[in-house]
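A short worksheet on the structure shown next.
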Amino acid sequence: MTAPTVLIIGARSDIGMALAHHYAAAGHRVQLAARRMAEMEADAADIALRHGTSTSVHDLDILEPGSFAAFLDHLPVLPEVAICVVGLLGDQATAQTDLEAARLTMRSNYEGPALLTGLIANRMEKRGSGTIIGISSVAGERGRASNYIYGSAKAGYTAFLSGLRNRLSKSGVHVMTVLPGFVRTRMTAGMDLPARLTAEPAAVAEAIYRAAAKRRDVIYAKPVWRLVMTVIRAIPEGIFKGIKL
Amino acid sequence: MMLSGWGRFPQQWCALHQPRSEDELRALLVQGPRIARGNGRGYGDCAMQRNATLEMRGFSRMLAFEAETGQLVAEAGVMLADVIATFLPRGWFVPVTPGTKFVTIGGMVASDVHGKNHHRVGTFGRFVDWIDLMGEDGEVRRCSPQENAELFGWTIGGMGLTGVILRVAFRLRRVESAYIRQTTLPARNLDHVMALFEEHQAATYSVAWIDCLNTGSGLGRSALMLGEHARADELPRDRRAAPFAVPKKRARTIPIDLPRAALGRMTVKAFNALYYRNARAAAGEKLVDWDSYFYPLDAILEWNRIYGSRGFMQFQCVLPLASAHAGLGELLRAITASGQSSFLSVLKRMGAEHGPFSFPLEGYTLALDFPFSQEAARLIERLDAITLDHGGRFYLAKDARMSAATLRRSDHRADAFTVLRHDKGMTNFRSSQSERLCL
């Protein structure tokens, strides 16, 4: 028996690639979805060579919801596990004044991921099995001056996943929310990140893989983040608004 | 950021870039002098450039494999360790390997690395079918013995000075197991070990650990280790079902820089005596797994820290066959006279020279390392002079301090390389080493 197929949406990202390698190494067939799929053929070849599993590449633009149904129709098989890693940090300062920049951040982090995840969920529900894993962000737990446009979109996605999990709890479809915390990727390149709170993409992939097998609901990449976020959420708004974060 | 090679000397501030695509790489080329860097296992300053050091680890994909020919196409930043992890379980091994698996394929080509089988098969470059090279103009050229042949030749062993290596097609070799049949032969002195090397020219692998502290009639006391890939039917019965499985070992890490006294003369002397005794006791044949055989030091991660924070200096020369005996004797006497101790001293018989700028030539190569000090630097200059007197040359992947004059006296090919680099407009591919050596 072959291990179930895994779809990775936003596969070109560092976490996406780490997930692809981790699942392929465990014997899963992997479907890689991203924009400009031609550039991903080399990644697919690498995964297939290293892990001896079959890997397919699929073109997907997260900003084109109209194409989502056809995208799913064209997959060789509806996956057992679908992981959405899509994210765009954007520039907060620009997005505060440039509506189009703000809209792009909102659509990339909320509209696209939520609509596609929802569509996959419906198909999995019909089948009666599956796992949906959404990569959201700790930035969505509380709005901060430094990244609230990105954070608000992630908050929306976190709420969407939570609702979906609630709706599907009796359907055989499991929904897991991942709040990675700081990860050393291209998105955070050049940022000065605290070492104890920062994870490598491969470690995030492993944490996701293990948690999904246990059907966990909400996970952080590093356990210390649960404590950090509990504290951040507990600060009264009157004090929080005065803190530079 | 501050960079250094594996020897941790010299250290230098370099603008480090980590391009992820050909477009990003091309954009970096317009910024002036630059050199590619792999995993930083070159010992000295060969993969450092203040203005722009281009770390190629982001190019880490294996692209194609042909089981009929054993040809693997890999991006330059793929690690040798990954190639072995992927292909050894399927019955393939690299045809030539250096003493560490933590090198990139691009680095192996640029240094044209050699291994314990050089006397039989030559360098890694002999197994390279083609190279995709990005030149000064940002164009990518396929280089092979048929196409851009001159560029192909100078890129192998060219220390990254001909352009940025992007992809390499090279051939793996078939093996039947993950084990090596190792035979250890103790040698009383230099005459003895050289006679043994000549006698065992047919062995696939051969290398000697040489004691650089012994004097007199025991000068050059060594342990010669021969190796053959074990066939499946040569394994113990219980391993034959899974000939590529090796018991898992835990990697150990040197967590801190050791104080300098830790590696003093007495420690090294004791270590060498013990090693020789073990070699004598263990004389004969045993089965060794690939990792322990080829990469004993890799089991101790960050082993370069045993030399303390000031790092260490490597010395590796090769002497032509005709003058090797006299030259090696003089080198060993100079070391014992200096009172400096080399922890790891390796002697190896090399095969024929090949390619326009590769290090090896037919004769004997001696590799040494010394903790960094002014005395060690003086000794190495003395070793340089002895090497020059005997018509030898130096391995650039280990060099951190040679002068441009020494290079030119040891290797008449250096001038031709400099001329080629000027004529073909490659001079902005330059490392701290190439600047020091005026290449």
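Letters for chains follow the order of the structure tokens (A, B, ...), residue numbers begin at 1 for each chain, and ligand numbers begin at 1 in the order shown.
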Margin query: Distance limit 7 Å, atoms considered: only C-alpha atoms. Which chain A residues sit that close to chain B? Return them as a VMD selection string.
Written below: chain A and resid 42 to 43 45 to 46 49 to 50
Margin query: Taking 5 positions as the minimum chain separation for residues in the same chain, which residues sit within 6 Å of range 13-19 of chain B when counting only C-alpha atoms? Answer as a list in words.
Written below: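 Neighbouring residues, sequence-local ones excluded: Met1, Met2, Glu24, Leu25, Gln49, Arg50, Asn51, Ala52, Thr53, Leu54 and Glu55 of chain B.
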Next item on the list: Once DSSP has gone over the backbone, tell me which residues of range 10-161 of chain A are in helix (DSSP H, G or I), as JSON, numbers by chain.
Entry: {"A": [14, 15, 16, 17, 18, 19, 20, 21, 22, 23, 24, 25, 37, 38, 39, 40, 41, 42, 43, 44, 45, 46, 47, 48, 49, 50, 51, 65, 66, 67, 68, 69, 70, 71, 72, 73, 74, 92, 93, 94, 95, 96, 97, 99, 100, 101, 102, 103, 104, 105, 106, 107, 108, 109, 110, 111, 112, 113, 114, 115, 116, 117, 118, 119, 120, 121, 122, 123, 124, 125, 126, 127, 138, 139, 140, 148, 149, 150, 151, 152, 153, 154, 155, 156, 157, 158, 159, 160, 161]}
Checklist line | Neighbour list for Glu176 in chain B as a PyMOL selection string, cut-off 9 Å, only C-alpha atoms, skip fewer than 5 positions in-chain | finding: chain B and resi 91-92+229-233+243-244
Keeping only N, CA and C atoms, take the residues you just selected and write them out as a PDB file, in the first residue's frame.
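Below is the file part.pdb, written as the result:
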ATOM      1  N   GLY B  91      23.100   1.247  -4.745  1.00  0.00           N
ATOM      2  CA  GLY B  91      24.254   0.554  -5.314  1.00  0.00           C
ATOM      3  C   GLY B  91      25.213   1.430  -6.098  1.00  0.00           C
ATOM      4  N   TRP B  92      25.222   2.742  -5.795  1.00  0.00           N
ATOM      5  CA  TRP B  92      26.142   3.649  -6.491  1.00  0.00           C
ATOM      6  C   TRP B  92      26.965   4.430  -5.488  1.00  0.00           C
ATOM      7  N   HIS B 229      36.344  -2.082  -2.296  1.00  0.00           N
ATOM      8  CA  HIS B 229      34.905  -2.192  -2.061  1.00  0.00           C
ATOM      9  C   HIS B 229      34.553  -3.660  -1.861  1.00  0.00           C
ATOM     10  N   ALA B 230      33.859  -3.942  -0.784  1.00  0.00           N
ATOM     11  CA  ALA B 230      33.495  -5.328  -0.494  1.00  0.00           C
ATOM     12  C   ALA B 230      32.349  -5.760  -1.394  1.00  0.00           C
ATOM     13  N   ARG B 231      32.493  -6.941  -1.984  1.00  0.00           N
ATOM     14  CA  ARG B 231      31.369  -7.507  -2.728  1.00  0.00           C
ATOM     15  C   ARG B 231      30.339  -8.014  -1.726  1.00  0.00           C
ATOM     16  N   ALA B 232      29.089  -8.145  -2.204  1.00  0.00           N
ATOM     17  CA  ALA B 232      28.023  -8.581  -1.292  1.00  0.00           C
ATOM     18  C   ALA B 232      28.368  -9.922  -0.658  1.00  0.00           C
ATOM     19  N   ASP B 233      28.988 -10.814  -1.468  1.00  0.00           N
ATOM     20  CA  ASP B 233      29.268 -12.149  -0.923  1.00  0.00           C
ATOM     21  C   ASP B 233      30.482 -12.167   0.008  1.00  0.00           C
ATOM     22  N   PRO B 243      23.030  -5.275   2.094  1.00  0.00           N
ATOM     23  CA  PRO B 243      24.453  -4.926   1.991  1.00  0.00           C
ATOM     24  C   PRO B 243      24.735  -3.419   2.087  1.00  0.00           C
ATOM     25  N   PHE B 244      23.697  -2.596   1.951  1.00  0.00           N
ATOM     26  CA  PHE B 244      23.928  -1.147   2.001  1.00  0.00           C
ATOM     27  C   PHE B 244      23.538  -0.546   3.346  1.00  0.00           C
TER      28      PHE B 244
END
Among range 310-387 of chain B, which ones does DSSP assign to strand (DSSP E) (computed from the backbone)? Answer as a compact mmCIF listing (two decimals) with all heavy atoms, in the first residue's frame.
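For reference, part34.txt as written:
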# COMPACT_ATOMS: atom_id res chain seq x y z
N PHE B 312 44.07 26.87 12.27
CA PHE B 312 45.24 26.08 11.94
C PHE B 312 45.62 26.28 10.48
O PHE B 312 44.87 26.86 9.70
CB PHE B 312 45.01 24.59 12.23
CG PHE B 312 43.90 23.95 11.45
CD1 PHE B 312 44.20 23.11 10.38
CD2 PHE B 312 42.58 24.14 11.79
CE1 PHE B 312 43.18 22.49 9.67
CE2 PHE B 312 41.55 23.52 11.08
CZ PHE B 312 41.86 22.70 10.02
N MET B 313 46.82 25.86 10.16
CA MET B 313 47.32 26.03 8.81
C MET B 313 47.58 24.67 8.21
O MET B 313 48.18 23.80 8.85
CB MET B 313 48.62 26.82 8.85
CG MET B 313 48.43 28.22 9.42
SD MET B 313 50.00 28.93 9.86
CE MET B 313 50.26 29.97 8.44
N GLN B 314 47.14 24.51 7.00
CA GLN B 314 47.35 23.26 6.29
C GLN B 314 48.52 23.42 5.35
O GLN B 314 48.80 24.52 4.85
CB GLN B 314 46.10 22.94 5.47
CG GLN B 314 45.02 22.25 6.25
CD GLN B 314 45.16 20.74 6.23
OE1 GLN B 314 45.78 20.19 5.33
NE2 GLN B 314 44.60 20.09 7.21
N PHE B 315 49.17 22.32 5.11
CA PHE B 315 50.22 22.31 4.10
C PHE B 315 50.05 21.03 3.32
O PHE B 315 49.93 19.95 3.89
CB PHE B 315 51.60 22.31 4.78
CG PHE B 315 52.74 22.13 3.81
CD1 PHE B 315 53.29 23.21 3.16
CD2 PHE B 315 53.23 20.86 3.53
CE1 PHE B 315 54.33 23.04 2.25
CE2 PHE B 315 54.27 20.68 2.63
CZ PHE B 315 54.82 21.78 1.99
N GLN B 316 49.92 21.15 2.00
CA GLN B 316 49.93 19.93 1.19
C GLN B 316 50.70 20.17 -0.09
O GLN B 316 50.39 21.08 -0.86
CB GLN B 316 48.50 19.44 0.85
CG GLN B 316 48.56 18.09 0.11
CD GLN B 316 47.20 17.44 -0.11
OE1 GLN B 316 46.18 17.91 0.42
NE2 GLN B 316 47.17 16.38 -0.89
N CYS B 317 51.71 19.36 -0.29
CA CYS B 317 52.50 19.46 -1.52
C CYS B 317 52.51 18.11 -2.20
O CYS B 317 52.14 17.10 -1.61
CB CYS B 317 53.93 19.88 -1.20
SG CYS B 317 54.86 18.61 -0.32
N VAL B 318 52.91 18.11 -3.46
CA VAL B 318 53.16 16.85 -4.14
C VAL B 318 54.56 16.94 -4.75
O VAL B 318 54.96 17.99 -5.27
CB VAL B 318 52.09 16.53 -5.22
CG1 VAL B 318 52.00 17.62 -6.28
CG2 VAL B 318 52.36 15.17 -5.88
N LEU B 319 55.32 15.85 -4.62
CA LEU B 319 56.68 15.81 -5.16
C LEU B 319 56.74 14.78 -6.28
O LEU B 319 56.17 13.69 -6.14
CB LEU B 319 57.67 15.40 -4.05
CG LEU B 319 57.73 16.32 -2.83
CD1 LEU B 319 58.61 15.69 -1.75
CD2 LEU B 319 58.24 17.70 -3.21
N PRO B 320 57.42 15.11 -7.37
CA PRO B 320 57.53 14.15 -8.48
C PRO B 320 58.21 12.87 -8.01
O PRO B 320 59.04 12.90 -7.09
CB PRO B 320 58.39 14.86 -9.52
CG PRO B 320 58.48 16.28 -9.08
CD PRO B 320 58.16 16.35 -7.63
N VAL B 346 49.31 12.93 6.41
CA VAL B 346 48.85 11.91 5.48
C VAL B 346 49.79 11.86 4.28
O VAL B 346 50.14 12.89 3.71
CB VAL B 346 47.41 12.23 5.02
CG1 VAL B 346 46.97 11.26 3.94
CG2 VAL B 346 46.45 12.18 6.19
N LEU B 347 50.19 10.66 3.94
CA LEU B 347 51.06 10.45 2.78
C LEU B 347 50.31 9.61 1.77
O LEU B 347 49.60 8.67 2.14
CB LEU B 347 52.34 9.72 3.22
CG LEU B 347 53.38 9.47 2.13
CD1 LEU B 347 53.99 10.78 1.66
CD2 LEU B 347 54.48 8.53 2.65
N LYS B 348 50.47 9.97 0.48
CA LYS B 348 49.71 9.24 -0.53
C LYS B 348 50.47 9.21 -1.85
O LYS B 348 51.05 10.20 -2.27
CB LYS B 348 48.35 9.93 -0.69
CG LYS B 348 47.61 9.69 -1.97
CD LYS B 348 46.48 8.70 -1.79
CE LYS B 348 46.04 8.12 -3.13
NZ LYS B 348 46.66 6.83 -3.42
N ARG B 349 50.47 8.07 -2.48
CA ARG B 349 51.05 7.92 -3.82
C ARG B 349 50.05 8.45 -4.82
O ARG B 349 48.87 8.07 -4.79
CB ARG B 349 51.34 6.44 -4.07
CG ARG B 349 51.73 6.08 -5.50
CD ARG B 349 53.17 6.54 -5.79
NE ARG B 349 53.77 5.72 -6.84
CZ ARG B 349 53.66 5.96 -8.15
NH1 ARG B 349 52.97 6.99 -8.58
NH2 ARG B 349 54.27 5.16 -9.01
N MET B 350 50.48 9.34 -5.72
CA MET B 350 49.56 9.90 -6.71
C MET B 350 49.87 9.37 -8.10
O MET B 350 51.01 9.02 -8.41
CB MET B 350 49.64 11.42 -6.72
CG MET B 350 48.95 12.04 -5.53
SD MET B 350 48.77 13.81 -5.69
CE MET B 350 47.12 14.00 -5.00
N GLY B 363 53.67 11.05 -8.28
CA GLY B 363 54.65 11.14 -7.21
C GLY B 363 53.99 10.92 -5.87
O GLY B 363 53.06 10.14 -5.76
N TYR B 364 54.47 11.65 -4.86
CA TYR B 364 53.93 11.49 -3.51
C TYR B 364 53.43 12.82 -2.98
O TYR B 364 54.08 13.85 -3.14
CB TYR B 364 55.00 10.94 -2.57
CG TYR B 364 55.16 9.44 -2.70
CD1 TYR B 364 55.95 8.90 -3.71
CD2 TYR B 364 54.50 8.59 -1.83
CE1 TYR B 364 56.08 7.53 -3.84
CE2 TYR B 364 54.61 7.21 -1.96
CZ TYR B 364 55.41 6.68 -2.96
OH TYR B 364 55.52 5.34 -3.08
N THR B 365 52.25 12.77 -2.33
CA THR B 365 51.72 13.98 -1.72
C THR B 365 51.75 13.82 -0.21
O THR B 365 51.46 12.75 0.32
CB THR B 365 50.30 14.30 -2.22
OG1 THR B 365 49.87 15.51 -1.60
CG2 THR B 365 49.30 13.21 -1.89
N LEU B 366 52.11 14.90 0.47
CA LEU B 366 52.16 14.91 1.94
C LEU B 366 51.27 16.04 2.43
O LEU B 366 51.40 17.18 1.98
CB LEU B 366 53.60 15.15 2.41
CG LEU B 366 53.83 15.20 3.93
CD1 LEU B 366 53.55 13.85 4.58
CD2 LEU B 366 55.26 15.64 4.25
N ALA B 367 50.31 15.71 3.32
CA ALA B 367 49.41 16.72 3.87
C ALA B 367 49.62 16.81 5.37
O ALA B 367 49.66 15.80 6.07
CB ALA B 367 47.96 16.34 3.56
N LEU B 368 49.75 18.04 5.85
CA LEU B 368 50.04 18.28 7.27
C LEU B 368 49.13 19.38 7.78
O LEU B 368 48.65 20.20 7.00
CB LEU B 368 51.49 18.75 7.43
CG LEU B 368 52.58 17.94 6.75
CD1 LEU B 368 53.85 18.77 6.67
CD2 LEU B 368 52.82 16.65 7.51
N ASP B 369 48.92 19.42 9.09
CA ASP B 369 48.30 20.62 9.65
C ASP B 369 48.93 21.00 10.97
O ASP B 369 49.35 20.16 11.74
CB ASP B 369 46.77 20.49 9.77
CG ASP B 369 46.35 19.24 10.51
OD1 ASP B 369 47.17 18.68 11.23
OD2 ASP B 369 45.19 18.85 10.34
N PHE B 370 49.02 22.30 11.17
CA PHE B 370 49.66 22.83 12.36
C PHE B 370 48.74 23.87 12.99
O PHE B 370 48.16 24.68 12.26
CB PHE B 370 50.97 23.53 12.00
CG PHE B 370 51.97 22.63 11.32
CD1 PHE B 370 52.08 22.64 9.93
CD2 PHE B 370 52.77 21.78 12.06
CE1 PHE B 370 52.99 21.81 9.30
CE2 PHE B 370 53.68 20.96 11.43
CZ PHE B 370 53.80 20.96 10.05
N PRO B 371 48.63 23.90 14.32
CA PRO B 371 47.90 24.99 14.97
C PRO B 371 48.57 26.30 14.57
O PRO B 371 49.80 26.36 14.42
CB PRO B 371 48.09 24.72 16.46
CG PRO B 371 48.58 23.33 16.57
CD PRO B 371 49.23 22.97 15.28
Item checked: All residues 6 Å or closer to range 183-185 of chain A, only C-alpha atoms, same chain fewer than 3 positions away omitted, as a list in words ->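 Counting only C-alpha atoms, the residues come to Asp14, Thr188, Thr198, Ala199 and Glu200 of chain A.
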Check: Of the candidates B:Gly220, B:Glu228, B:Thr427, B:Arg305, which one gets nearest to Leu331 in chain B if we count only C-alpha atoms?
Finding: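 Of B:Gly220, B:Glu228, B:Thr427, B:Arg305, the one nearest Leu331 in chain B, counting only C-alpha atoms, is B:Gly220.
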Margin query: Excluding Asp73 in chain A and its own-chain neighbours fewer than 6 positions away, which residues fall within 12 Å of it when counting only C-alpha atoms? Please give them as a PyMOL selection string.
Written below: chain A and resi 58+67+79+119-120+123
Margin query: What does the structure give for the distance between CA of Arg378 in chain B and CA of Arg221 in chain B, in Å to one decimal?
Written below: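 We find that CA of Arg378 in chain B and CA of Arg221 in chain B lie 24.4 Å from each other.
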Checklist line | Distance query range 388-391 of chain B at most 12 Å, only C-alpha atoms, self and fewer than 5 positions along chain excluded, as a ChimeraX atom specification | finding: /B:317-331,361-364,381-383,405-412
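Distance annotation: of A:Gly156, A:Asp59, A:Val77, A:Gly134, the residue with the minimal separation from Arg107 in chain A is A:Gly156; atom set is only C-alpha atoms.
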Next item on the list: Work out how far apart CA of Ala205 in chain A and CA of Gly128 in chain A are and give it in Å to one decimal.
Entry: 25.7 Å
Next item on the list: Pick out the residues sitting within 7 Å of Val128 in chain B, and hand them over as a PyMOL selection string; count only C-alpha atoms, and ignore anything fewer than 3 positions along from it in its own chain.
Entry: chain B and resi 125+169-171
Notebook entry, point to check: Interatomic distance between CA of Ala223 in chain B and CA of Gly284 in chain B?
Noted result: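 Separation of CA of Ala223 in chain B and CA of Gly284 in chain B: 11.6 Å.
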Notebook entry, point to check: Which is closest to Asp399 in chain B among B:Asp238, B:Asp211, B:Asp291, B:Asp45, if we use only C-alpha atoms?
Noted result: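 Under the stated criterion, the closest residue is B:Asp45.
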Next item on the list: May I ask which of the residues A:Leu116, A:Ala221, A:Ile9, A:Leu99 is the closest one to Ala203 in chain A, counting only C-alpha atoms?
Entry: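 Distance minimum relative to Ala203 in chain A lands on A:Ala221.
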